[in-house]
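K.L.:
Once you've had a glance at the structure underneath, I'll fire off some questions.
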Amino acid sequence: MTRIDLTGLDVRPAQVWGGVRLVPLVRAEPVPGLRLHREIYRGHGGLGTVDLPDRTTYTSYIPHGFVADWTGTGSGTGAESAAYGTRLGGGASGGGGGDSAPDCMPVRRIHRMAKRRRDPDGRAERRLRFLPLHLALEGYLALHFGGPSTAWEEWSGEALRHGLSPRAEAAYAGRAVPGLAEALRIFEVHPGQCGLLLYVADALAAAFVVPHPDDYRLLHPTLIEDLYGELVHQYAWYGGPVPEFTARIRDGAGGIRTLADLRAAAREQERAWAVAHDGLMARDLLETSYAFERVHRAGPFDLHRFLPPFRRGGPEQHIGELITDHKGRAVYLKTFRLSENQIRKGHLLRRLADCDWHLERTAEALGTSYAEVVRRVGGAGLGSLLNAHAVAQRLRENQES
Amino acid sequence: MSELVAAEDVLLFVNAAVTATGQREFRSSAAAQHFSLRFVHEYVRVNYRPVYAAALALDINHHNAALIVEQLLRTADEAGGPGEKRAEGRLIAARLALLPPQRVYRLFRALRAAGVNNRRTRAIVRAWLAARPDPALDAVKYRSGLKAALRHVHGRLPDPETGDFLFSPGRRVRYENPTLDSFRRARYEQGALYELPFTVAEGFAAGHGVPRAVFLERIAPRMTRLEQLRTARAADLTVMPLTRLALYVLSLPFGERVERRAELTHALRAAARRAAGPYAGSWGRVAAVLDDSFSSSGSAVKRRRPLAVALGCHYLLEALAAPGAYTPLWTSGGSDPLLVRPYGPTPLGLRILDALEGGPDRLVIVSDGWDNAPPGLAGEVLRVWRSRLDPERRTSVVHLNPVYDAEGFDVRRLAPSVPAAGIRDAEDLAALVEIAQFAEGRTGFAELRAYLDRRVELFLQGTGGPVGEGAGG
């Protein structure tokens, strides 16, 4: 599996507000057997810390988690319940949520990005709690997190001992993206809608897909609490309003004689939009090949997170997470648009790792000079990982030779 | 050319004055609405002052009526000669008599704040106060408003007791007038508060700690019609105006609407028949495209107003159409008008196609004009229909829009060829359809002025009913 498969989701006409274009995705019928709930983490200003299995810690703005519920597959009545309202994270199952966190440290501790829910008796339920978007972000942040694999002298002792820790990225909450809140508020949800593609200044900012229309109606407001990259924020801030693609019916030279012709022309307009959208606006999302990593298996559904190929100067790149059914079709999808800087950083880390963190060889692989690679490492915010003395010495030697 | 522009400007203003209330709408904030409306008022007042005053004779909403009166009185020196002033004065007096008293008191207070105290203003205020049926009731219910108005115009009430009540409350131990006396007693005696108007008694009841349910039960006979509707204890729904009734129905939960289906439907039909008056059944075959998309939920201050207007229009058109010749089409595809809810997108284009399928004599579209599934299709369908399929105008199409678009300074249109009119109360539908005919861009300013003069005449005679005489045409 290398691509995102949105089979079963039909595109409907976009709704535009200012610079934001919202494209609804509609399912003919909901996916059986999987529902999503939302649990809100209240009271700590949305700040949360996640303990990861490899004893690293992930701290971020985490306003809520999602609970995937796949009890519907053939089990008893009422198991596949509709998402009804929102639920507070339960003390029993919220991982360290029940731990008496000291008052002076308003951070919620959550155990793992994705965790099987347990009932009060400790039996595993057929429900999975995961943190939307953070699963994907953590995947990006942990990219070659271990640091240099070989102790070349240019790397500092800190880098060799602790890797890239601590690694940080900045993002904007949806509320800080100008015009987004208003656009989401006035958006008219289609019947049967299970997803949304969010464009800012006609750049794909986020994709969101859920299995059931009722879930979508409840989770639509969570889009405003999600994280958006720097690029999205800037486009929203500086981009002008985008035009609406209004329908045009060609009626010249006796093209339309009856009402049936007119209806056919109107239908054709809808179809033309769907084709134009998939081929033009969402192409980069759908046609890029991603590196998928399976995080959890839940019945017939798999929870993945994925990373893009980090190709520079190329198409838009998204990280995200995905639940697929047994045929590999997307049941749940959430993406985060990387900014150009983040792509560059990912690209550089990839290349460094490929060349065993040897700067000289990396420079060759990138087709550039040693000095330039050093500059790029510094530019990516990883300058502290280099041993400045060793690097300066190498640069001097290069100049002399 | 300039004639057409003038006609357009005037229609734009009429649409704004019918729909805009300076309150928050689904897609724009209160500030944007307010700002936009202020501009339109100033523009029309400066450029077309006689028309600006004549708008008072149309079915504009109370907010705009008060605003026009205020603007006219503030700029009395621009009116021209004494003849124009007299005409304005008559219109103002006639409109003030129709406005709810709380609106008029608010207007007087605005005039006071603006420092408008010319002889003409004083005469208008005095005349209005003298025409109030029960000054004692006003003194109790609109105490500060009446006080401010009297102070401002140096007025004197004919009844010295009420004067004392307002301006020197300690002078008398008891009042002869029963209303004033019960206000005095209500402070000490629970029984007395049930002789007061509802809004005044509410405060005393809270002071005495009377349970809300008991209070509402006993004060019911003193409530106005709308207060009864608001507290959900209307004895007789059939006397309520159509749009209010529609708002009330939409405020009920679905279960209750189903349970009381017969009663509610009967009340709505009765109100619609009353609004249709003599024109019931005279419109031939009618098709209506009614917008119940999510945007018809309005805003927190105008809750479900666009949807209520659509629901009211549904019943009114049913009454106006020939028996059995009415086709309602809701944008959501629903068929039960009593169970409508604001949900989903606005596929106006496809619904209009469905409506044209039956070949109706009239097509009425009630929508906020934000056609989004796909955008612009409604305009295209109507354009092609008019130019290719129905050039001889067998079907007359009109678009009624309950929402003022602050950015466009007008209600939002679907297509240039389709006349659009603002609508606030479904009852005014017939008169608005008549005005909308001017908006096709083929009638000049002179005809429009003639129409306005006719409406002004009717209004001043006090015979201008809610359904204009043009309902048949």
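To be explicit about the labels: the chains of the structure tokens are called A, B, and onward in the order shown, and within each one the residues are counted from 1, while ligands get numbers from 1 in the order they are shown.
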Write out as an MDAnalysis selection string every residue belonging to chain A that has an atom at most 12 Å from any atom of chain B, counting only C-alpha atoms.
P.N.:
chainID A and resid 11:18 21:24 182:193 217 243:274
K.L.:
List every residue of region 6-136 of chain B that DSSP, applied to the backbone of this structure, assigns to helix (DSSP H, G or I), and report them as a VMD selection string.
P.N.:
chain B and resid 6 to 19 30 to 47 49 to 57 62 to 74 76 to 78 82 to 98 101 to 113 119 to 130 135 to 136
K.L.:
Nearest to Thr222 (chain A) among A:Arg112, A:Lys334, A:Arg3, A:His389, with distances taken over only C-alpha atoms: which residue is it?
P.N.:
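Of A:Arg112, A:Lys334, A:Arg3, A:His389, the one nearest Thr222 (chain A), counting only C-alpha atoms, is A:Lys334.
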K.L.:
Do you know which residues are at most 10 Å from region 438-449 of chain B counting only C-alpha atoms, after dropping those on the same chain fewer than 6 positions away, and could you put them as a PyMOL selection string?
P.N.:
chain B and resi 1-12+50-51+54+398+416-421+455
K.L.:
Write the residues you've just listed into a file as a CSV table (one decimal), in the first residue's frame, and include N, CA and C atoms for each of them.
P.N.:
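Result file follows (part09.csv):
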chain,number,residue,atom,x,y,z
B,1,MET,N,-30.9,56.5,-19.0
B,1,MET,CA,-30.0,55.7,-18.2
B,1,MET,C,-30.1,56.1,-16.8
B,2,SER,N,-30.0,57.4,-16.5
B,2,SER,CA,-30.0,57.8,-15.1
B,2,SER,C,-31.3,57.5,-14.5
B,3,GLU,N,-32.4,57.4,-15.3
B,3,GLU,CA,-33.7,57.0,-14.8
B,3,GLU,C,-33.6,55.5,-14.2
B,4,LEU,N,-33.0,54.7,-15.0
B,4,LEU,CA,-32.9,53.3,-14.6
B,4,LEU,C,-32.1,53.2,-13.4
B,5,VAL,N,-31.0,53.9,-13.3
B,5,VAL,CA,-30.1,53.9,-12.1
B,5,VAL,C,-30.9,54.3,-10.9
B,6,ALA,N,-31.7,55.4,-11.1
B,6,ALA,CA,-32.5,55.9,-10.0
B,6,ALA,C,-33.5,54.8,-9.5
B,7,ALA,N,-34.2,54.2,-10.5
B,7,ALA,CA,-35.1,53.2,-10.1
B,7,ALA,C,-34.4,52.0,-9.4
B,8,GLU,N,-33.3,51.7,-9.8
B,8,GLU,CA,-32.5,50.6,-9.2
B,8,GLU,C,-32.2,51.0,-7.8
B,9,ASP,N,-31.7,52.2,-7.6
B,9,ASP,CA,-31.3,52.7,-6.3
B,9,ASP,C,-32.5,52.6,-5.3
B,10,VAL,N,-33.6,53.0,-5.8
B,10,VAL,CA,-34.8,53.1,-4.9
B,10,VAL,C,-35.2,51.6,-4.6
B,11,LEU,N,-35.2,50.7,-5.5
B,11,LEU,CA,-35.6,49.4,-5.2
B,11,LEU,C,-34.6,48.7,-4.2
B,12,LEU,N,-33.4,49.0,-4.4
B,12,LEU,CA,-32.3,48.6,-3.5
B,12,LEU,C,-32.6,49.0,-2.1
B,50,PRO,N,-37.6,62.7,-1.4
B,50,PRO,CA,-39.0,62.4,-1.4
B,50,PRO,C,-39.3,60.9,-1.4
B,51,VAL,N,-38.5,60.1,-2.1
B,51,VAL,CA,-38.6,58.7,-2.1
B,51,VAL,C,-38.3,58.1,-0.7
B,54,ALA,N,-41.2,58.6,1.3
B,54,ALA,CA,-42.3,57.8,0.8
B,54,ALA,C,-42.2,56.3,1.2
B,398,VAL,N,-40.3,34.9,-9.5
B,398,VAL,CA,-39.9,36.0,-8.6
B,398,VAL,C,-39.1,35.3,-7.5
B,416,PRO,N,-29.7,38.2,-13.1
B,416,PRO,CA,-30.1,39.6,-13.4
B,416,PRO,C,-31.6,39.6,-13.9
B,417,SER,N,-31.9,38.5,-14.6
B,417,SER,CA,-33.2,38.5,-15.3
B,417,SER,C,-34.4,38.2,-14.3
B,418,VAL,N,-34.0,37.7,-13.1
B,418,VAL,CA,-35.1,37.4,-12.1
B,418,VAL,C,-35.3,38.5,-11.1
B,419,PRO,N,-36.5,39.0,-11.0
B,419,PRO,CA,-36.7,40.1,-10.0
B,419,PRO,C,-36.5,39.6,-8.6
B,420,ALA,N,-35.8,40.3,-7.8
B,420,ALA,CA,-35.7,39.9,-6.4
B,420,ALA,C,-36.2,41.0,-5.5
B,421,ALA,N,-36.9,40.5,-4.4
B,421,ALA,CA,-37.4,41.5,-3.5
B,421,ALA,C,-37.1,41.0,-2.1
B,455,ARG,N,-49.2,54.3,-3.4
B,455,ARG,CA,-49.1,53.6,-2.1
B,455,ARG,C,-49.1,54.6,-1.0
K.L.:
Near Gly89 (chain B), within 10 Å and counting only C-alpha atoms, which residues show up once chain neighbours fewer than 6 positions away are dropped, as JSON, numbers by chain?
P.N.:
{"B": [53, 69, 72, 73, 83, 95, 120, 121, 123, 124]}
K.L.:
Might you pull out every residue within 12 Å of region 272-282 of chain B, with only C-alpha atoms counted and same-chain residues fewer than 2 positions away left off, and present them as JSON, numbers by chain?
P.N.:
{"B": [238, 239, 240, 241, 242, 243, 244, 245, 246, 265, 266, 267, 268, 269, 270, 284, 285, 286, 311, 312, 313, 314, 315, 316, 317, 318, 319, 320, 321, 322, 323, 324, 325, 326, 361, 362, 425, 426, 427, 428, 429, 430, 431, 465, 466, 467, 468, 469, 470, 471, 472, 473]}
